[in-house]
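Here's final-v9.txt, which has compact mmCIF, C-alpha atoms:
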```txt
# COMPACT_ATOMS: atom_id res chain seq x y z
CA MET A 163 18.55 -17.83 55.79
CA ALA A 164 20.90 -14.94 56.55
CA CYS A 165 21.00 -11.77 54.42
CA ASP A 166 24.59 -12.54 53.39
CA SER A 167 23.49 -15.57 51.47
CA TRP A 168 20.68 -13.70 49.72
CA VAL A 169 22.51 -10.57 48.61
CA PRO A 170 24.54 -12.28 45.86
CA LYS A 171 21.29 -13.67 44.47
CA LEU A 172 19.47 -10.34 44.35
CA ASP A 173 20.61 -9.58 40.80
CA ALA A 174 19.51 -12.95 39.44
CA TYR A 175 16.26 -12.52 41.33
CA LEU A 176 15.57 -9.14 39.74
CA ASP A 177 16.69 -10.42 36.32
CA GLY A 178 14.08 -13.15 36.65
CA GLU A 179 16.69 -15.90 36.53
CA LEU A 180 16.24 -17.58 39.93
CA SER A 181 14.47 -20.90 40.16
CA ALA A 182 10.83 -20.83 41.25
CA ALA A 183 11.68 -22.22 44.70
CA GLU A 184 14.45 -19.69 45.30
CA THR A 185 12.27 -16.86 44.00
CA SER A 186 9.48 -17.57 46.48
CA ALA A 187 11.98 -18.01 49.33
CA LEU A 188 13.59 -14.65 48.52
CA ASP A 189 10.13 -13.07 48.20
CA ALA A 190 9.42 -14.17 51.73
CA HIS A 191 12.77 -12.89 52.97
CA LEU A 192 12.29 -9.46 51.39
CA ARG A 193 8.93 -9.06 53.08
CA GLY A 194 10.61 -9.46 56.46
CA CYS A 195 14.00 -7.80 55.90
CA SER A 196 13.95 -4.05 55.33
CA ALA A 197 17.68 -3.85 54.62
CA CYS A 198 17.50 -6.39 51.79
CA ALA A 199 14.25 -4.85 50.53
CA ALA A 200 15.91 -1.42 50.37
CA GLN A 201 18.83 -2.87 48.47
CA ALA A 202 16.50 -4.65 46.06
CA LEU A 203 14.70 -1.38 45.49
CA ALA A 204 17.98 0.39 44.75
CA CYS A 205 18.87 -2.34 42.27
CA VAL A 206 15.50 -2.08 40.55
CA GLN A 207 15.94 1.67 40.26
CA MET A 208 19.40 1.20 38.79
CA LYS A 209 18.02 -1.28 36.27
CA ARG A 210 15.29 1.11 35.23
CA ALA A 211 17.67 4.04 34.94
CA LEU A 212 20.08 1.94 32.87
CA LYS A 213 17.35 0.80 30.51
CA ILE A 214 16.45 4.39 29.75
CA ALA A 215 20.00 5.73 29.66
CA GLY A 216 21.16 2.81 27.51
CA GLN A 217 18.66 3.56 24.75
CA ARG A 218 20.68 6.49 23.67
CA PHE A 219 21.54 6.27 19.98
CA THR A 220 19.20 6.11 17.05
CA PRO A 221 20.27 5.51 13.46
CA SER A 222 19.92 8.47 11.11
CA ALA A 223 17.00 8.36 8.70
CA GLU A 224 19.44 8.46 5.81
CA PHE A 225 21.34 5.42 7.06
CA LYS A 226 18.15 3.56 7.76
CA ALA A 227 16.85 4.25 4.25
CA ARG A 228 20.15 3.16 2.73
CA MET A 229 20.13 -0.13 4.61
CA ARG A 230 16.51 -0.73 3.78
CA SER A 231 17.09 -0.23 0.08
CA GLN A 232 20.06 -2.61 0.22
CA LEU A 233 18.07 -5.29 1.97
CA ALA A 234 14.76 -4.95 0.17
CA PRO A 235 14.54 -6.93 -3.07
CA LYS A 236 12.74 -4.66 -5.46
CA PRO A 237 13.98 -3.53 -8.91
CA ALA A 238 12.73 -6.37 -11.15
CA PRO A 239 9.36 -6.96 -9.51
CA SER A 240 8.63 -3.26 -9.32
CA TRP A 241 9.08 -2.89 -13.11
CA LYS A 242 6.95 -5.91 -13.73
CA PHE A 243 4.36 -4.40 -11.47
CA ALA A 244 4.57 -1.07 -13.27
CA TRP A 245 3.94 -2.71 -16.65
CA ALA A 246 1.06 -4.70 -15.28
CA PHE A 247 -0.34 -1.54 -13.76
CA LEU A 248 0.05 0.39 -17.01
CA ALA A 249 -1.62 -2.39 -19.00
CA ALA A 250 -4.48 -2.55 -16.53
CA ALA A 251 -4.91 1.23 -16.65
CA LEU A 252 -4.95 1.23 -20.47
CA ALA A 253 -7.44 -1.63 -20.55
CA LEU A 254 -9.67 0.23 -18.13
CA LEU A 255 -9.43 3.40 -20.19
CA LEU A 256 -10.30 1.51 -23.38
CA VAL A 257 -13.31 -0.17 -21.79
CA THR A 258 -14.48 3.17 -20.41
CA VAL A 259 -14.16 4.88 -23.78
CA LEU A 260 -15.95 2.02 -25.56
CA LEU A 261 -18.74 1.90 -23.02
CA THR A 262 -19.16 5.67 -23.05
CA GLY A 263 -19.18 5.70 -26.86
CA LEU A 264 -21.61 2.83 -26.98
CA SER A 265 -24.00 4.31 -24.46
CA ASP A 266 -23.66 7.69 -26.15
CA ARG A 267 -24.57 6.15 -29.51
CA ARG A 268 -27.41 4.24 -27.96
CA SER A 269 -28.83 7.29 -26.28
CA ARG A 270 -28.59 9.32 -29.53
CA GLN A 271 -30.40 6.65 -31.48
CA GLN A 272 -33.00 6.49 -28.76
CA THR A 273 -33.40 10.27 -29.01
CA LEU A 274 -33.77 10.03 -32.77
CA VAL A 275 -36.48 7.37 -32.64
CA SER A 276 -38.31 9.32 -29.90
CA GLU A 277 -38.24 12.51 -31.95
CA LEU A 278 -39.45 10.79 -35.10
CA THR A 279 -42.26 9.16 -33.15
CA ASP A 280 -43.21 12.56 -31.71
CA LEU A 281 -43.24 14.11 -35.17
CA HIS A 282 -45.37 11.26 -36.54
CA VAL A 283 -47.91 11.37 -33.71
CA SER A 284 -48.20 15.16 -33.44
CA THR A 285 -48.60 15.47 -37.21
CA LEU A 286 -51.40 12.90 -37.34
CA ALA A 287 -53.11 14.52 -34.35
CA SER A 288 -53.11 17.88 -36.14
CA ALA A 289 -56.26 19.17 -37.86
CA SER A 290 -54.28 19.57 -41.07
CA PRO A 291 -51.60 16.90 -41.00
CA VAL A 292 -50.25 17.73 -44.41
CA ASP A 293 -49.62 21.01 -46.21
CA VAL A 294 -49.82 19.51 -49.63
CA VAL A 295 -52.80 17.22 -49.93
CA SER A 296 -52.39 14.97 -52.90
CA THR A 297 -52.18 11.32 -53.81
CA ASP A 298 -50.19 12.24 -56.86
CA ARG A 299 -46.45 12.03 -56.47
CA HIS A 300 -46.07 14.48 -59.34
CA THR A 301 -47.87 17.09 -57.26
CA VAL A 302 -46.19 16.37 -53.98
CA LYS A 303 -42.59 16.31 -55.17
CA PRO A 304 -42.64 19.76 -56.86
CA TRP A 305 -44.34 21.26 -53.83
CA PHE A 306 -41.12 20.77 -51.86
CA GLN A 307 -39.06 22.80 -54.36
CA GLY A 308 -37.55 25.78 -52.58
CA LYS A 309 -38.77 24.48 -49.23
CA VAL A 310 -36.09 21.86 -48.59
CA PRO A 311 -32.45 22.00 -49.75
CA PHE A 312 -32.63 18.75 -51.72
CA THR A 313 -34.89 16.87 -54.07
CA PHE A 314 -36.10 13.30 -54.21
CA ASN A 315 -38.08 10.82 -56.31
CA LEU A 316 -41.25 9.15 -55.10
CA PRO A 317 -42.40 5.68 -56.15
CA GLU A 318 -45.31 4.80 -58.40
CA LEU A 319 -47.91 3.23 -56.06
CA GLN A 320 -50.19 1.65 -58.61
CA ASN A 321 -50.75 -2.07 -57.92
CA THR A 322 -49.69 -1.59 -54.28
CA SER A 323 -51.77 -1.24 -51.11
CA PHE A 324 -50.02 2.03 -50.27
CA GLN A 325 -51.58 5.41 -50.84
CA LEU A 326 -49.89 8.78 -50.65
CA LEU A 327 -51.82 11.29 -48.53
CA GLY A 328 -49.58 14.31 -48.80
CA GLY A 329 -46.53 16.01 -47.38
CA ARG A 330 -45.16 18.81 -45.25
CA VAL A 331 -41.86 20.36 -44.29
CA THR A 332 -40.40 19.17 -41.00
CA TYR A 333 -37.28 19.60 -38.95
CA LEU A 334 -35.07 17.11 -37.15
CA ALA A 335 -32.15 18.38 -35.11
CA GLN A 336 -32.52 21.77 -36.82
CA VAL A 337 -32.24 20.11 -40.22
CA PRO A 338 -35.09 20.77 -42.68
CA GLY A 339 -36.55 17.72 -44.38
CA ALA A 340 -39.58 16.27 -46.10
CA HIS A 341 -42.31 14.53 -44.16
CA LEU A 342 -44.60 12.37 -46.34
CA ILE A 343 -47.65 10.55 -45.11
CA TYR A 344 -48.68 7.24 -46.65
CA GLN A 345 -51.55 5.01 -45.79
CA ILE A 346 -51.99 1.26 -45.88
CA ARG A 347 -55.17 -0.46 -44.64
CA LYS A 348 -56.09 2.60 -42.52
CA HIS A 349 -52.62 2.74 -40.99
CA GLU A 350 -50.71 5.96 -41.50
CA ILE A 351 -47.01 5.75 -42.21
CA SER A 352 -44.60 8.66 -41.99
CA VAL A 353 -41.67 8.86 -44.35
CA PHE A 354 -38.98 11.34 -43.36
CA ILE A 355 -36.27 12.35 -45.77
CA PHE A 356 -33.21 14.34 -44.68
CA PRO A 357 -29.85 15.09 -46.23
CA GLU A 358 -27.58 12.50 -44.59
CA LYS A 359 -24.58 14.80 -44.09
CA ALA A 360 -26.55 17.48 -42.25
CA LEU A 361 -27.73 15.05 -39.56
CA PRO A 362 -25.73 14.68 -36.36
CA ALA A 363 -23.61 11.58 -35.93
CA GLY A 364 -25.50 8.71 -34.38
CA PHE A 365 -28.70 9.54 -36.25
CA SER A 366 -28.01 6.70 -38.65
CA PRO A 367 -29.18 3.47 -37.02
CA SER A 368 -28.05 0.50 -39.03
CA SER A 369 -31.16 -1.55 -38.44
CA SER A 370 -34.82 -1.11 -37.76
CA LYS A 371 -35.88 0.06 -34.31
CA GLN A 372 -38.94 -0.30 -32.22
CA HIS A 373 -40.25 2.39 -29.90
CA LEU A 374 -43.60 2.35 -28.05
CA ALA A 375 -44.83 -0.29 -30.53
CA PHE A 376 -43.96 1.97 -33.49
CA HIS A 377 -41.53 0.50 -35.96
CA VAL A 378 -38.85 2.48 -37.68
CA VAL A 379 -37.08 1.33 -40.82
CA THR A 380 -34.25 3.40 -42.20
CA PHE A 381 -31.90 3.41 -45.14
CA THR A 382 -29.74 5.84 -47.03
CA GLU A 383 -29.85 6.34 -50.75
CA GLY A 384 -28.26 9.04 -52.91
CA GLY A 385 -27.04 11.01 -49.91
CA LEU A 386 -30.49 11.09 -48.39
CA ARG A 387 -31.53 9.42 -45.17
CA TYR A 388 -34.98 7.86 -45.17
CA TYR A 389 -36.90 6.98 -42.01
CA ILE A 390 -40.14 5.05 -42.41
CA LEU A 391 -42.19 4.96 -39.24
CA GLY A 392 -45.62 3.60 -38.42
CA ASP A 393 -47.79 1.39 -36.30
CA THR A 394 -48.25 -1.17 -39.05
CA THR A 395 -46.23 -4.36 -39.40
CA PRO A 396 -42.51 -4.19 -40.08
CA ALA A 397 -43.15 -6.10 -43.30
CA ASP A 398 -45.33 -3.22 -44.59
CA LEU A 399 -42.65 -0.72 -43.68
CA ASP A 400 -40.02 -2.85 -45.41
CA SER A 401 -42.04 -3.06 -48.62
CA LEU A 402 -42.62 0.72 -48.61
CA ALA A 403 -38.89 1.16 -47.97
CA ASP A 404 -38.14 -1.03 -50.99
CA LEU A 405 -40.44 1.06 -53.17
CA LEU A 406 -38.83 4.29 -51.99
CA ARG A 407 -35.36 2.94 -52.42
CA SER A 408 -35.95 1.78 -55.97
CA ALA A 409 -37.55 5.14 -56.84
CA ALA A 410 -34.59 6.99 -55.36
CA SER A 411 -32.02 4.98 -57.22
CA SER A 412 -33.85 5.13 -60.56
CA MET B 1317 29.81 -2.58 0.38
CA SER B 1318 26.71 -3.82 -1.28
CA VAL B 1319 24.39 -6.71 -0.87
CA SER B 1320 24.06 -8.74 -4.04
CA ALA B 1321 20.76 -9.97 -5.37
CA GLU B 1322 21.43 -13.67 -4.94
CA TYR B 1323 21.10 -13.31 -1.20
CA LEU B 1324 17.79 -11.58 -1.46
CA GLN B 1325 16.01 -14.85 -2.15
CA SER B 1326 15.81 -15.42 1.61
CA GLY B 1327 12.80 -13.22 2.20
CA SER B 1328 12.53 -14.17 5.82
CA PHE B 1329 15.93 -12.65 6.57
CA GLU B 1330 14.54 -9.13 6.27
CA GLU B 1331 11.53 -10.04 8.32
CA LEU B 1332 13.80 -11.25 11.10
CA ALA B 1333 16.62 -8.75 10.80
CA LEU B 1334 14.98 -5.42 10.06
CA PRO B 1335 13.08 -5.15 13.35
CA LEU B 1336 16.43 -5.45 15.17
CA PHE B 1337 17.94 -2.56 13.23
CA ASP B 1338 17.47 0.29 15.72
CA GLN B 1339 18.64 -1.75 18.70
CA LEU B 1340 21.64 -3.15 16.86
CA TYR B 1341 22.61 0.36 15.89
CA ASN B 1342 22.30 1.56 19.49
CA PHE B 1343 24.51 -1.31 20.64
CA ALA B 1344 27.03 -0.64 17.87
CA HIS B 1345 27.21 3.04 18.77
CA TRP B 1346 27.81 2.19 22.43
CA LEU B 1347 30.66 -0.09 21.41
CA THR B 1348 32.34 2.24 18.93
CA HIS B 1349 31.54 5.67 20.46
CA ASP B 1350 31.23 6.98 16.91
CA ARG B 1351 28.32 7.36 14.48
CA ALA B 1352 30.21 6.60 11.26
CA GLU B 1353 31.94 3.59 12.79
CA ALA B 1354 28.64 2.37 14.21
CA GLU B 1355 27.04 2.62 10.76
CA ASP B 1356 29.90 0.67 9.19
CA LEU B 1357 29.63 -1.93 11.92
CA VAL B 1358 25.89 -2.38 11.47
CA GLN B 1359 26.22 -2.55 7.71
CA GLU B 1360 28.95 -5.15 7.91
CA THR B 1361 26.90 -7.10 10.41
CA TYR B 1362 23.91 -7.24 8.08
CA THR B 1363 26.05 -8.20 5.12
CA LYS B 1364 27.72 -11.01 7.04
CA ALA B 1365 24.42 -12.17 8.47
CA LEU B 1366 22.79 -12.22 5.05
CA ARG B 1367 25.66 -14.26 3.63
CA GLY B 1368 25.60 -16.66 6.53
CA PHE B 1369 21.83 -16.83 6.82
CA SER B 1370 21.65 -20.19 5.03
CA SER B 1371 23.89 -21.63 7.75
CA PHE B 1372 21.81 -20.05 10.50
CA ASN B 1373 20.11 -22.82 12.38
CA GLN B 1374 16.41 -22.02 12.18
CA GLY B 1375 14.77 -22.38 15.54
CA THR B 1376 17.77 -21.12 17.47
CA ASN B 1377 17.94 -17.58 18.78
CA PHE B 1378 18.18 -15.20 15.83
CA ARG B 1379 18.67 -12.10 17.99
CA ALA B 1380 21.59 -13.65 19.86
CA TRP B 1381 23.05 -14.72 16.50
CA MET B 1382 22.85 -11.17 15.09
CA TYR B 1383 24.38 -9.62 18.22
CA ARG B 1384 27.13 -12.22 18.19
CA ILE B 1385 28.03 -11.33 14.60
CA LEU B 1386 28.04 -7.63 15.44
CA ARG B 1387 30.14 -8.13 18.54
CA ASN B 1388 32.67 -10.40 16.83
CA THR B 1389 32.93 -7.95 13.95
CA PHE B 1390 33.54 -5.16 16.42
CA LEU B 1391 36.13 -7.08 18.44
CA SER B 1392 38.13 -7.87 15.33
CA SER B 1393 37.98 -4.24 14.14
CA ARG B 1394 40.73 -1.73 14.88
CA THR B 1395 38.59 0.10 17.41
CA GLY B 1396 37.59 -3.16 19.03
CA LEU B 1397 41.13 -4.44 19.30
CA LYS B 1398 42.21 -1.14 20.81
CA ALA B 1399 39.35 -1.20 23.29
CA THR B 1400 40.10 -4.70 24.50
CA ALA B 1401 43.86 -4.07 24.60
CA THR B 1402 43.70 -0.89 26.68
CA GLN B 1403 40.89 -2.02 28.91
CA GLN B 1404 42.24 -5.34 29.96
CA LEU B 1405 39.69 -7.57 31.48
CA ASP B 1406 41.01 -10.45 33.42
CA LEU B 1407 38.62 -13.08 32.12
CA GLU B 1408 39.90 -15.44 34.78
CA ALA B 1409 38.41 -13.07 37.31
CA ASP B 1410 34.95 -13.99 36.04
CA THR B 1411 35.15 -17.22 37.95
CA ALA B 1412 36.83 -15.78 41.03
CA PRO B 1413 34.74 -15.22 44.18
CA LEU B 1414 32.61 -12.11 43.90
CA PRO B 1415 33.31 -9.14 46.12
CA GLN B 1416 30.61 -8.63 48.71
CA THR B 1417 28.27 -5.83 47.68
CA THR B 1418 26.59 -5.29 51.01
CA ASP B 1419 27.68 -1.69 51.14
CA THR B 1420 25.24 0.82 52.49
CA VAL B 1421 22.30 1.69 50.34
CA THR B 1422 22.73 4.91 48.39
CA PRO B 1423 19.89 6.89 46.89
CA GLU B 1424 20.04 5.40 43.41
CA SER B 1425 16.56 6.68 42.87
CA ILE B 1426 18.35 9.93 42.00
CA LEU B 1427 19.32 8.24 38.74
CA ILE B 1428 15.71 8.10 37.70
CA GLU B 1429 15.83 11.86 37.34
CA ARG B 1430 16.24 12.82 33.71
CA SER B 1431 19.11 15.18 34.52
CA ASN B 1432 21.16 12.26 35.78
CA HIS B 1433 20.86 10.23 32.59
CA ASN B 1434 23.95 11.97 31.29
CA LEU B 1435 25.81 10.97 34.42
CA LEU B 1436 24.81 7.33 33.98
CA GLN B 1437 25.63 7.42 30.28
CA ALA B 1438 29.06 8.85 31.01
CA ALA B 1439 29.65 6.12 33.60
CA LEU B 1440 28.62 3.48 31.06
CA GLU B 1441 31.11 4.88 28.58
CA GLU B 1442 33.88 4.73 31.16
CA LEU B 1443 33.30 1.04 31.75
CA PRO B 1444 35.54 -1.53 30.07
CA VAL B 1445 33.87 -2.78 26.89
CA HIS B 1446 33.13 -6.26 28.31
CA PHE B 1447 31.23 -4.74 31.22
CA ARG B 1448 29.47 -2.20 29.05
CA GLU B 1449 28.24 -4.77 26.54
CA ILE B 1450 26.93 -7.22 29.11
CA LEU B 1451 25.03 -4.46 30.94
CA LEU B 1452 23.49 -3.28 27.68
CA LEU B 1453 22.47 -6.79 26.68
CA CYS B 1454 20.93 -7.44 30.09
CA GLU B 1455 19.31 -4.11 30.92
CA VAL B 1456 18.58 -2.50 27.57
CA GLU B 1457 18.00 -5.57 25.40
CA GLU B 1458 16.54 -7.45 28.37
CA MET B 1459 18.17 -10.64 27.20
CA SER B 1460 17.98 -13.73 29.37
CA TYR B 1461 21.22 -15.14 30.77
CA GLN B 1462 20.89 -17.91 28.21
CA GLU B 1463 20.70 -15.40 25.34
CA ILE B 1464 23.65 -13.43 26.73
CA SER B 1465 25.56 -16.67 27.03
CA GLU B 1466 24.86 -17.42 23.34
CA THR B 1467 25.75 -13.90 22.27
CA LEU B 1468 29.03 -13.71 24.15
CA THR B 1469 29.75 -17.43 23.72
CA VAL B 1470 30.55 -17.87 27.43
CA PRO B 1471 28.95 -20.20 29.99
CA ILE B 1472 25.97 -18.96 32.00
CA GLY B 1473 28.07 -18.95 35.18
CA THR B 1474 30.42 -16.49 33.52
CA VAL B 1475 27.46 -14.37 32.45
CA MET B 1476 26.29 -14.14 36.08
CA SER B 1477 29.66 -13.31 37.57
CA ARG B 1478 30.59 -10.82 34.84
CA LEU B 1479 27.23 -9.13 35.19
CA SER B 1480 27.77 -8.75 38.95
CA ARG B 1481 31.19 -7.26 38.38
CA ALA B 1482 29.86 -4.92 35.74
CA ARG B 1483 27.13 -3.68 38.08
CA ALA B 1484 29.61 -3.23 40.90
CA ALA B 1485 31.97 -1.34 38.60
CA LEU B 1486 29.15 0.91 37.42
CA ARG B 1487 28.09 1.69 40.97
CA ALA B 1488 31.71 2.44 41.84
CA ILE B 1489 31.81 5.05 39.09
CA VAL B 1490 28.36 6.48 39.71
CA ARG B 1491 28.39 6.83 43.51
CA PRO B 1492 31.15 9.38 43.97
CA LYS B 1493 29.60 11.45 41.20
CA LEU B 1494 26.19 11.26 42.83
CA GLN B 1495 27.61 12.33 46.15
CA ARG B 1496 29.21 15.32 44.49
CA THR B 1497 25.92 16.46 43.01
```

As a first step, turn the structure in this file into C-alpha cells.
Amino acid sequence: MACDSWVPKLDAYLDGELSAAETSALDAHLRGCSACAAQALACVQMKRALKIAGQRFTPSAEFKARMRSQLAPKPAPSWKFAWAFLAAALALLLVTVLLTGLSDRRSRQQTLVSELTDLHVSTLASASPVDVVSTDRHTVKPWFQGKVPFTFNLPELQNTSFQLLGGRVTYLAQVPGAHLIYQIRKHEISVFIFPEKALPAGFSPSSSKQHLAFHVVTFTEGGLRYYILGDTTPADLDSLADLLRSAASS
Amino acid sequence: MSVSAEYLQSGSFEELALPLFDQLYNFAHWLTHDRAEAEDLVQETYTKALRGFSSFNQGTNFRAWMYRILRNTFLSSRTGLKATATQQLDLEADTAPLPQTTDTVTPESILIERSNHNLLQAALEELPVHFREILLLCEVEEMSYQEISETLTVPIGTVMSRLSRARAALRAIVRPKLQRT
C-alpha cells in the first residue's frame, strides 16, 4: 500500500485506535519505509512533548483543602468519635487507677505479713525472746508503761489452753508497739499491738492472711490494731483473738 | 456555593471524583486561562456532579461524565461563550476531507527540550478552544476516542477528524517558531 494511504492513519495508529489487522499492516510498512517511519517518530515526539507541556496547572493547596472539606462528610461522625474516644480514655484511666491501687494495696499487705512473720521468727530464734518473762498479765502489762505510747488490757487465761510467756517492745514501719508471746500445745503465737492511726495505710487487712504456712489474724479494738500470728491452726488464733478482743473492750 | 449534607450520603462519589481533581483543575485552567475562574469552574463541576450523581449511570465512564459536566459548564459560562464566539470553529469542517499532512519532516524532537515547553504551551493557548480541549483530552488525559466521543458528545468520526485538524493547527503554529529559534 502506498504511503499516501497510510499517512492519514498514522495518528490513529499512534493513539492505539487502529484495528489489529491495520496495526500489523502499518507496522510492516513502517519497517520498510523510512519516510513514514520518520514521520511517525516526529508524531510520537510531539505526543510526548504535548503530554508534558499539557500538565501545566496544579490546584493550590488552599483550594484543594477547601474542596476536600466540602466533599468529605465529617462533622457528626467526628464528634461521635470524639465522645467514644473520650469515654474509652476515661475507662482506661479508671481501670489503670483501680488496678494500680489494688496491686499497691496487695503489695503493702504482703509486706506487712512478711514483716510480722520476720519479727515472729527472729524473736523466737533469739536466745532471749522476751524482755519481760512472766505468765502473769498483771506483770506484763505494767512493764510496757513508758515503753510504748499506749496501753492495753490482756485476757485472763485460766481455763484456756493458752499460756502467756512474756513480752517485748517491737517496731513495725517505725511505729513502736507491744509484742507478746503466747503458747498453746508447744506452739508459740505472737500478738502484736500497735496504735491503728500510726500505721501506714494498707496495713489493715480486713481478713486473715496466710504466709509461708503462718496464719495471721487481725482486728482493731479501741484504736489499737492487733495481729495474731503463729504456726498453729487458724481456729487457735481465732480463739486467742476473741479473748484479746473481749479483754480490750472490757 | 456549598455542598449540602444530603448529597454526602453517596460515599462512592468522593472515591470516584477526588482522584480526578488535579487533572480536572488542569483542564479547567487550560480552558479559562485564569486561576480564579478555573477554581470556580471546578467547584461548580463538583457541585453539579454531586447533585446529578444519582442519575449517573453506574458502569458507564465516570471520567468522561465529569469532563463533560466541566466542559458544558465552561461553554455556557461567559468566558466560554466568548471563546467559542471569537474563535469560530466550522463544525461542518470536521467531516470535510482532511488536508494532506505529508509535509516534510521537521525536527519536532526539539520540543522534547524543556526550554521549548513554553513554546508548546503558548501554541496550545493560541489554538481555538475546540482544538485545545481535544488535544488535552487525547494527549494529556490519554482518553480513548470512545471516551473523547462521550465527553464531547460527538461521533467517533468527528473525534478523529477534529483531532487531525487540531494537530495540524498546532504544528502550523509551532513550526515557524521552531525555525526562528

Counting all atoms listed in the file, which residues come within 12 Å of (23.2, 0.2, 18.0), with the point read in the file's coordinates, and could you list them as a ChimeraX atom specification?
/A:216-222,226 /B:1336-1359,1361,1382-1383,1386-1387,1390,1449,1452-1453,1456-1457

What's the 10 Å shell around Thr1400 in chain B, counting only C-alpha atoms, without same-chain residues fewer than 6 positions away, as JSON, numbers by chain?
{"B": [1391, 1392, 1444, 1445, 1446]}

What are the residues of chain A lining chain B at 9 Å or less? Count only C-alpha atoms, and put the answer as number ranges by chain.
A: 166, 169-170, 173-174, 177-179, 197, 200-201, 203-205, 207-221, 225-226, 229-230, 232-235

Write a file of the just-selected residues containing C-alpha atoms, as a short mmCIF file (atom, residue, chain, number, x, y, z; two decimals), keeping the file's coordinate frame.
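Saved to selection-v3.cif:
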```
data_model
loop_
_atom_site.label_atom_id
_atom_site.label_comp_id
_atom_site.auth_asym_id
_atom_site.auth_seq_id
_atom_site.Cartn_x
_atom_site.Cartn_y
_atom_site.Cartn_z
CA ASP A 166 24.59 -12.54 53.39
CA VAL A 169 22.51 -10.57 48.61
CA PRO A 170 24.54 -12.28 45.86
CA ASP A 173 20.61 -9.58 40.80
CA ALA A 174 19.51 -12.95 39.44
CA ASP A 177 16.69 -10.42 36.32
CA GLY A 178 14.08 -13.15 36.65
CA GLU A 179 16.69 -15.90 36.53
CA ALA A 197 17.68 -3.85 54.62
CA ALA A 200 15.91 -1.42 50.37
CA GLN A 201 18.83 -2.87 48.47
CA LEU A 203 14.70 -1.38 45.49
CA ALA A 204 17.98 0.39 44.75
CA CYS A 205 18.87 -2.34 42.27
CA GLN A 207 15.94 1.67 40.26
CA MET A 208 19.40 1.20 38.79
CA LYS A 209 18.02 -1.28 36.27
CA ARG A 210 15.29 1.11 35.23
CA ALA A 211 17.67 4.04 34.94
CA LEU A 212 20.08 1.94 32.87
CA LYS A 213 17.35 0.80 30.51
CA ILE A 214 16.45 4.39 29.75
CA ALA A 215 20.00 5.73 29.66
CA GLY A 216 21.16 2.81 27.51
CA GLN A 217 18.66 3.56 24.75
CA ARG A 218 20.68 6.49 23.67
CA PHE A 219 21.54 6.27 19.98
CA THR A 220 19.20 6.11 17.05
CA PRO A 221 20.27 5.51 13.46
CA PHE A 225 21.34 5.42 7.06
CA LYS A 226 18.15 3.56 7.76
CA MET A 229 20.13 -0.13 4.61
CA ARG A 230 16.51 -0.73 3.78
CA GLN A 232 20.06 -2.61 0.22
CA LEU A 233 18.07 -5.29 1.97
CA ALA A 234 14.76 -4.95 0.17
CA PRO A 235 14.54 -6.93 -3.07
#
```

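From CA of Ile346 in chain A back to CA of Leu402 in chain A, the distance works out to 9.8 Å.
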
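If you measure from each of A:Val292, A:Leu278, A:Leu374, A:Leu405 to Leu391 in chain A using all atoms listed in the file, the closest one turns out to be A:Leu278.
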
What does the structure give for the distance between CA of Asp404 in chain A and CA of Val353 in chain A, in Å to one decimal?
12.4 Å
